[in-house]
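Notes for the one structure printed next.
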Amino acid sequence: RAVTAVEALGPGGPMPTPDPFLFAVHHRDAYPEGDALMQAPVMGNGADFDFRKPFRMYHGDRIPGFPQHPHRGFETLTAVVEGVVDHTDSKGNAGRYGNGDLQWMTAGGGVVHGEMFPLLHEDQPNPAHLFQIWLNLPAKNKMCDPFFTMHWAEQIPKVSADGGRATVTVWAGEVGGKQALRPPPKSWACEEDADVAVWMLQLAPGGAFELPPAKAGKLANRSLYFVEGDRLDVAGEQDLDRRAKVDLVASEAVLVRNSGSEAATCLMLQGRPIGEPVVQHGPFVMNTQAEIRQAFMDYQRTQFGGWPWPEDAMVFPRDKGRFALCDGVETRP
């Protein structure tokens, strides 16, 4: 059998992930029109994660998102399918990305960053649809220098299959002869035999796509997350009618078919496990409790370089457009 386990997922919030991943979340927010300051028509409560509502403010005040907060010991992949994110960090890097872009950030030895969701449009809704994935770093790289890169939608490979009824967006790894853009240099995804893959599958009703066997075979972990749609058939073994995580045998080819009447969206995470102890406390992920205590002490003492921006919840002018500011150099798609 290709399916080894099935776990129901709630309406939102963190989804369990296998080593080498730490965390994955799928955000879908129906933000309304913004005002002249790109604000929502409600005030956030500081921790708005109510997935019964049309949209959430998260840790934002009048602009939804996540004001400055620290990380150490892992990487974040933020893939914005729809909407925009404004990024700032303690290294002076910044960006606005969205509508198909991916930001890949190595926190390494420590970085503070903010991720805000400005409501750019005053005359129409501002829907947001994104994934964030935390990928662990091996012990040898946990204290590396932070790194930030932007993968623009125009360059991200996509695979079309089943007469156009299936589209696979390749954020990491390789499928269908399409190789993802290069990950940061200290990423576990850069290890030759790690076989890290992060794909988004979008299936029209009746559409199907066959996940090929992982290059690492049974040495890799592989999980499929059914996050949108009304029905999904996995390997002819599971007929899902609600959000679910499906663990797969990575050495097997698996046919994923949309057996429902709505469009379906799935996230596929794969990789050879790092196989080291994981000790996590909030935004820090290390190998020992002593390293976690050190992370808190280092952050209290240094603020990981301090916050160079005038606001904790920094956003850029409405007409700024998509950009990446890295090491003082601004680039655009």
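Each chain of the structure tokens is named A, B, ... in the order shown, its residues numbered from 1; ligands are numbered from 1 in display order.
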**Request:** Write out as a PyMOL selection string all residues of region 57-230 of chain A that DSSP puts in strand (DSSP E or B) for this structure's backbone.
**Result:** chain A and resi 58+65-72+74-82+84-89+94-98+102-106+111-116+126-136+147-151+158-161+166-172+174-175+178-179+197-203+208-211+221-228
Contacts between region 178-193 of chain A and region 65-141 of chain A, please, where a residue of region 65-141 of chain A counts if it comes within 9 Å (with only C-alpha atoms); show its shortest atom pair and distance in Å to one decimal, rows by chain and ascending number, as a tab-separated table.
```
residue	atom	partner	partner_atom	distance
A:Phe74	CA	A:Ser187	CA	8.6
A:Glu75	CA	A:Ser187	CA	7.6
A:Trp104	CA	A:Pro184	CA	7.4
A:Met105	CA	A:Pro184	CA	7.6
A:Thr106	CA	A:Pro184	CA	7.0
A:Gly108	CA	A:Lys186	CA	8.6
A:Leu135	CA	A:Trp188	CA	7.8
A:Asn136	CA	A:Trp188	CA	7.3
A:Leu137	CA	A:Trp188	CA	6.0
A:Pro138	CA	A:Trp188	CA	6.9
A:Asn141	CA	A:Lys186	CA	6.3
```
Could those residues be written to a file, using C-alpha atoms, as a compact mmCIF listing (two decimals), in the first residue's frame?
```txt
# COMPACT_ATOMS: atom_id res chain seq x y z
CA PHE A 74 15.59 26.90 10.78
CA GLU A 75 14.21 28.28 7.50
CA TRP A 104 12.88 31.68 1.25
CA MET A 105 14.62 32.86 4.41
CA THR A 106 17.34 31.12 6.39
CA GLY A 108 20.33 30.60 10.92
CA LEU A 135 12.25 23.59 7.15
CA ASN A 136 14.74 22.53 9.80
CA LEU A 137 18.47 23.15 9.56
CA PRO A 138 21.03 20.48 10.49
CA ASN A 141 24.18 25.01 9.92
```
**Message:** Restricting the calculation to only C-alpha atoms: of A:Gly83, A:Pro308, A:Pro11, A:Pro64, which residue gets closest to Arg96 (chain A)?
**Reply:**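 Counting only C-alpha atoms, the residue closest to Arg96 (chain A) is A:Gly83.
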**Message:** I want to know what sits within 9 Å of Ala139 (chain A), based on only C-alpha atoms, with residues of the same chain fewer than 6 positions away left out; could you give that as a list in words?
**Reply:** Gly73, Glu276, Met286 and Asn287 of chain A
Take the residues just selected and output them with all heavy atoms as a PDB file, in the first residue's frame.
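The new file selection_14.pdb reads:
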```
ATOM      1  N   GLY A  73      17.590  28.994  13.936  1.00  0.00           N
ATOM      2  CA  GLY A  73      17.783  27.557  13.823  1.00  0.00           C
ATOM      3  C   GLY A  73      17.042  26.838  12.723  1.00  0.00           C
ATOM      4  O   GLY A  73      17.117  25.614  12.640  1.00  0.00           O
ATOM      5  N   GLU A 276      18.102  14.409  13.681  1.00  0.00           N
ATOM      6  CA  GLU A 276      18.756  14.951  14.879  1.00  0.00           C
ATOM      7  C   GLU A 276      17.696  15.353  15.897  1.00  0.00           C
ATOM      8  O   GLU A 276      16.534  15.570  15.534  1.00  0.00           O
ATOM      9  CB  GLU A 276      19.613  16.164  14.510  1.00  0.00           C
ATOM     10  CG  GLU A 276      20.770  15.841  13.581  1.00  0.00           C
ATOM     11  CD  GLU A 276      21.524  17.084  13.099  1.00  0.00           C
ATOM     12  OE1 GLU A 276      21.034  18.217  13.329  1.00  0.00           O
ATOM     13  OE2 GLU A 276      22.591  16.923  12.493  1.00  0.00           O
ATOM     14  N   MET A 286      16.314  24.359  18.104  1.00  0.00           N
ATOM     15  CA  MET A 286      17.699  23.936  18.243  1.00  0.00           C
ATOM     16  C   MET A 286      17.744  22.433  18.526  1.00  0.00           C
ATOM     17  O   MET A 286      16.759  21.731  18.321  1.00  0.00           O
ATOM     18  CB  MET A 286      18.379  24.753  19.351  1.00  0.00           C
ATOM     19  CG  MET A 286      18.339  26.269  19.126  1.00  0.00           C
ATOM     20  SD  MET A 286      19.136  26.816  17.589  1.00  0.00           S
ATOM     21  CE  MET A 286      20.862  26.511  18.001  1.00  0.00           C
ATOM     22  N   ASN A 287      18.893  21.947  18.992  1.00  0.00           N
ATOM     23  CA  ASN A 287      19.057  20.517  19.266  1.00  0.00           C
ATOM     24  C   ASN A 287      19.030  20.170  20.745  1.00  0.00           C
ATOM     25  O   ASN A 287      18.826  19.003  21.101  1.00  0.00           O
ATOM     26  CB  ASN A 287      20.368  20.002  18.650  1.00  0.00           C
ATOM     27  CG  ASN A 287      20.422  20.182  17.147  1.00  0.00           C
ATOM     28  OD1 ASN A 287      21.156  21.017  16.637  1.00  0.00           O
ATOM     29  ND2 ASN A 287      19.626  19.418  16.419  1.00  0.00           N
TER      30      ASN A 287
END
```
**Request:** Select, from A:Ala216, A:Ala253, A:Val227, A:Phe55, the residue with the minimum atom-to-atom distance to Pro14 (chain A), counting only C-alpha atoms.
**Result:**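 When distances to Pro14 (chain A) are compared using only C-alpha atoms, the smallest one comes from A:Val227.
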**Contacts of Gly44 (chain A) within 10 Å, only C-alpha atoms, excl. fewer than 5 positions in-chain, as a ChimeraX atom specification** = /A:56-65
Using only C-alpha atoms, which protein or nucleic acid residues come within 10 Å of Glu330 (chain A)? Drop anything in the same chain fewer than 6 positions from it, and give the result as a PDB file with N, CA and C atoms, in the first residue's frame.
```pdb
ATOM      1  N   ASN A  93      17.077  43.944   5.197  1.00  0.00           N
ATOM      2  CA  ASN A  93      16.468  43.439   3.974  1.00  0.00           C
ATOM      3  C   ASN A  93      14.961  43.692   4.007  1.00  0.00           C
ATOM      4  N   ALA A  94      14.362  43.721   2.828  1.00  0.00           N
ATOM      5  CA  ALA A  94      12.937  44.002   2.743  1.00  0.00           C
ATOM      6  C   ALA A  94      12.405  43.493   1.409  1.00  0.00           C
ATOM      7  N   GLY A  95      11.078  43.514   1.287  1.00  0.00           N
ATOM      8  CA  GLY A  95      10.485  43.127   0.019  1.00  0.00           C
ATOM      9  C   GLY A  95       8.981  43.214   0.061  1.00  0.00           C
ATOM     10  N   PHE A 323       9.140  43.974  -5.020  1.00  0.00           N
ATOM     11  CA  PHE A 323      10.573  44.259  -5.015  1.00  0.00           C
ATOM     12  C   PHE A 323      11.242  43.404  -3.954  1.00  0.00           C
ATOM     13  N   ALA A 324      12.556  43.310  -4.049  1.00  0.00           N
ATOM     14  CA  ALA A 324      13.371  42.679  -3.013  1.00  0.00           C
ATOM     15  C   ALA A 324      14.575  43.560  -2.753  1.00  0.00           C
TER      16      ALA A 324
END
```
**Request:** Quick one: everything within 7 Å of Ala172 (chain A), counting only C-alpha atoms, minus sequence neighbours fewer than 3 positions away in the same chain. Send it as a list in words.
**Result:** Ala180, Val196, Ala197, Val198 and Trp199 of chain A
Those same residues - N, CA and C atoms - I'd like them written as a PDB file, in the first residue's frame.
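Output contents, as saved in result.pdb:
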```pdb
ATOM      1  N   ALA A 180      13.293  23.165  -9.476  1.00  0.00           N
ATOM      2  CA  ALA A 180      13.007  24.400  -8.752  1.00  0.00           C
ATOM      3  C   ALA A 180      14.211  25.328  -8.769  1.00  0.00           C
ATOM      4  N   VAL A 196      14.788  17.069  -0.942  1.00  0.00           N
ATOM      5  CA  VAL A 196      13.702  17.923  -0.445  1.00  0.00           C
ATOM      6  C   VAL A 196      12.834  18.365  -1.622  1.00  0.00           C
ATOM      7  N   ALA A 197      11.528  18.218  -1.459  1.00  0.00           N
ATOM      8  CA  ALA A 197      10.587  18.658  -2.484  1.00  0.00           C
ATOM      9  C   ALA A 197       9.398  19.334  -1.812  1.00  0.00           C
ATOM     10  N   VAL A 198       9.006  20.469  -2.368  1.00  0.00           N
ATOM     11  CA  VAL A 198       7.818  21.198  -1.916  1.00  0.00           C
ATOM     12  C   VAL A 198       7.041  21.577  -3.165  1.00  0.00           C
ATOM     13  N   TRP A 199       5.881  20.954  -3.333  1.00  0.00           N
ATOM     14  CA  TRP A 199       5.070  21.184  -4.531  1.00  0.00           C
ATOM     15  C   TRP A 199       3.645  21.544  -4.129  1.00  0.00           C
TER      16      TRP A 199
END
```
**Asked** Restricting the calculation to only C-alpha atoms, which member of A:Pro118, A:Pro18, A:Gly13, A:Gly109 is positioned closest to His87 (chain A)?
**Response**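 The answer is A:Pro118, which sits nearest to His87 (chain A).
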**Request:** Find the distance between CA of Lys91 (chain A) and CA of Tyr299 (chain A) and write it in Å to one decimal.
**Result:**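 Here the two named atoms are 14.2 Å from each other.
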**Request:** Just the residues within 9 Å of Gly12 (chain A), please, counting only C-alpha atoms, with nothing from its chain fewer than 5 positions along; format it as a PyMOL selection string.
**Result:** chain A and resi 25-28+49-52
Suppose we keep N, CA, C and O atoms; can you now write the selection as an mmCIF file, in the first residue's frame?
```cif
data_model
loop_
_atom_site.group_PDB
_atom_site.id
_atom_site.type_symbol
_atom_site.label_atom_id
_atom_site.label_comp_id
_atom_site.auth_asym_id
_atom_site.auth_seq_id
_atom_site.Cartn_x
_atom_site.Cartn_y
_atom_site.Cartn_z
ATOM 1 N N VAL A 25 1.559 25.748 7.417
ATOM 2 C CA VAL A 25 0.251 26.354 7.629
ATOM 3 C C VAL A 25 -0.271 26.852 6.293
ATOM 4 O O VAL A 25 0.500 27.270 5.414
ATOM 5 N N HIS A 26 -1.583 26.769 6.151
ATOM 6 C CA HIS A 26 -2.257 27.214 4.936
ATOM 7 C C HIS A 26 -3.204 28.337 5.327
ATOM 8 O O HIS A 26 -4.109 28.146 6.144
ATOM 9 N N HIS A 27 -2.982 29.522 4.775
ATOM 10 C CA HIS A 27 -3.814 30.682 5.074
ATOM 11 C C HIS A 27 -4.713 31.003 3.880
ATOM 12 O O HIS A 27 -4.232 31.103 2.747
ATOM 13 N N ARG A 28 -6.000 31.190 4.145
ATOM 14 C CA ARG A 28 -6.940 31.653 3.131
ATOM 15 C C ARG A 28 -7.832 32.697 3.815
ATOM 16 O O ARG A 28 -8.635 32.360 4.687
ATOM 17 N N PHE A 49 -6.753 34.254 15.469
ATOM 18 C CA PHE A 49 -6.577 33.042 14.662
ATOM 19 C C PHE A 49 -7.895 32.268 14.575
ATOM 20 O O PHE A 49 -7.893 31.039 14.552
ATOM 21 N N ASP A 50 -9.012 32.974 14.545
ATOM 22 C CA ASP A 50 -10.332 32.349 14.512
ATOM 23 C C ASP A 50 -10.681 31.951 13.084
ATOM 24 O O ASP A 50 -11.084 32.787 12.274
ATOM 25 N N PHE A 51 -10.531 30.656 12.771
ATOM 26 C CA PHE A 51 -10.721 30.202 11.397
ATOM 27 C C PHE A 51 -12.189 30.015 11.032
ATOM 28 O O PHE A 51 -12.498 29.568 9.926
ATOM 29 N N ARG A 52 -13.095 30.366 11.944
ATOM 30 C CA ARG A 52 -14.514 30.360 11.606
ATOM 31 C C ARG A 52 -14.918 31.652 10.900
ATOM 32 O O ARG A 52 -15.987 31.731 10.311
#
```
**Message:** Taking only C-alpha atoms into account, name the residue in A:Lys142, A:His129, A:Arg1, A:His151 that is nearest to Ala250 (chain A).
**Reply:**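 So, comparing all the options, the nearest one is A:Arg1.
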**Prompt:** Which residue, A:Pro70, A:Pro54, A:Gly206, A:Gly229, has the smallest gap to Cys266 (chain A) when you use only C-alpha atoms?
**Reply:** A:Gly229
Write out, as CSV, each residue of region 127-180 of chain A that has an atom at most 9 Å from region 76-81 of chain A, together with the closest pair of atoms and their distance in Å to one decimal, counting only C-alpha atoms, rows going by chain and rising number.
```
residue,atom,partner,partner_atom,distance
A:Ala128,CA,A:Val81,CA,7.7
A:His129,CA,A:Val81,CA,5.3
A:Leu130,CA,A:Val80,CA,4.3
A:Phe131,CA,A:Ala79,CA,5.2
A:Gln132,CA,A:Thr78,CA,4.4
A:Ile133,CA,A:Leu77,CA,5.1
A:Trp134,CA,A:Thr76,CA,4.7
A:Leu135,CA,A:Thr76,CA,6.3
A:Asn136,CA,A:Thr76,CA,8.8
A:Trp171,CA,A:Ala79,CA,8.1
```
For the residues selected in the previous step, produce a file with N, CA and C atoms as a CSV table (one decimal), in the first residue's frame.
```
chain,number,residue,atom,x,y,z
A,128,ALA,N,-6.3,36.8,0.3
A,128,ALA,CA,-5.0,36.4,0.6
A,128,ALA,C,-5.0,34.8,0.6
A,129,HIS,N,-4.0,34.2,0.0
A,129,HIS,CA,-3.9,32.8,-0.1
A,129,HIS,C,-2.4,32.4,-0.1
A,130,LEU,N,-2.0,31.8,1.0
A,130,LEU,CA,-0.5,31.5,1.1
A,130,LEU,C,-0.3,30.3,2.0
A,131,PHE,N,0.9,29.7,1.8
A,131,PHE,CA,1.5,28.7,2.6
A,131,PHE,C,2.7,29.2,3.3
A,132,GLN,N,2.9,28.8,4.5
A,132,GLN,CA,4.2,29.0,5.1
A,132,GLN,C,4.7,27.6,5.7
A,133,ILE,N,6.0,27.3,5.3
A,133,ILE,CA,6.6,26.0,5.7
A,133,ILE,C,7.9,26.3,6.4
A,134,TRP,N,8.0,25.6,7.6
A,134,TRP,CA,9.3,25.7,8.3
A,134,TRP,C,10.1,24.5,8.0
A,135,LEU,N,11.3,24.7,7.5
A,135,LEU,CA,12.3,23.6,7.1
A,135,LEU,C,13.4,23.7,8.1
A,136,ASN,N,13.7,22.5,8.8
A,136,ASN,CA,14.7,22.5,9.8
A,136,ASN,C,16.1,22.7,9.2
A,171,TRP,N,8.2,24.5,-5.9
A,171,TRP,CA,8.9,25.4,-5.0
A,171,TRP,C,10.2,24.9,-4.5
```
**Request:** Provide the CA of Thr88 (chain A) to CA of Lys158 (chain A) distance in Å, to one decimal place.
**Result:**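 Distance between the two atoms: 28.0 Å.
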**Item:** Separation of CA of Glu311 (chain A) from CA of Glu33 (chain A) in Å
**Value:**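 So the answer is 22.9 Å.
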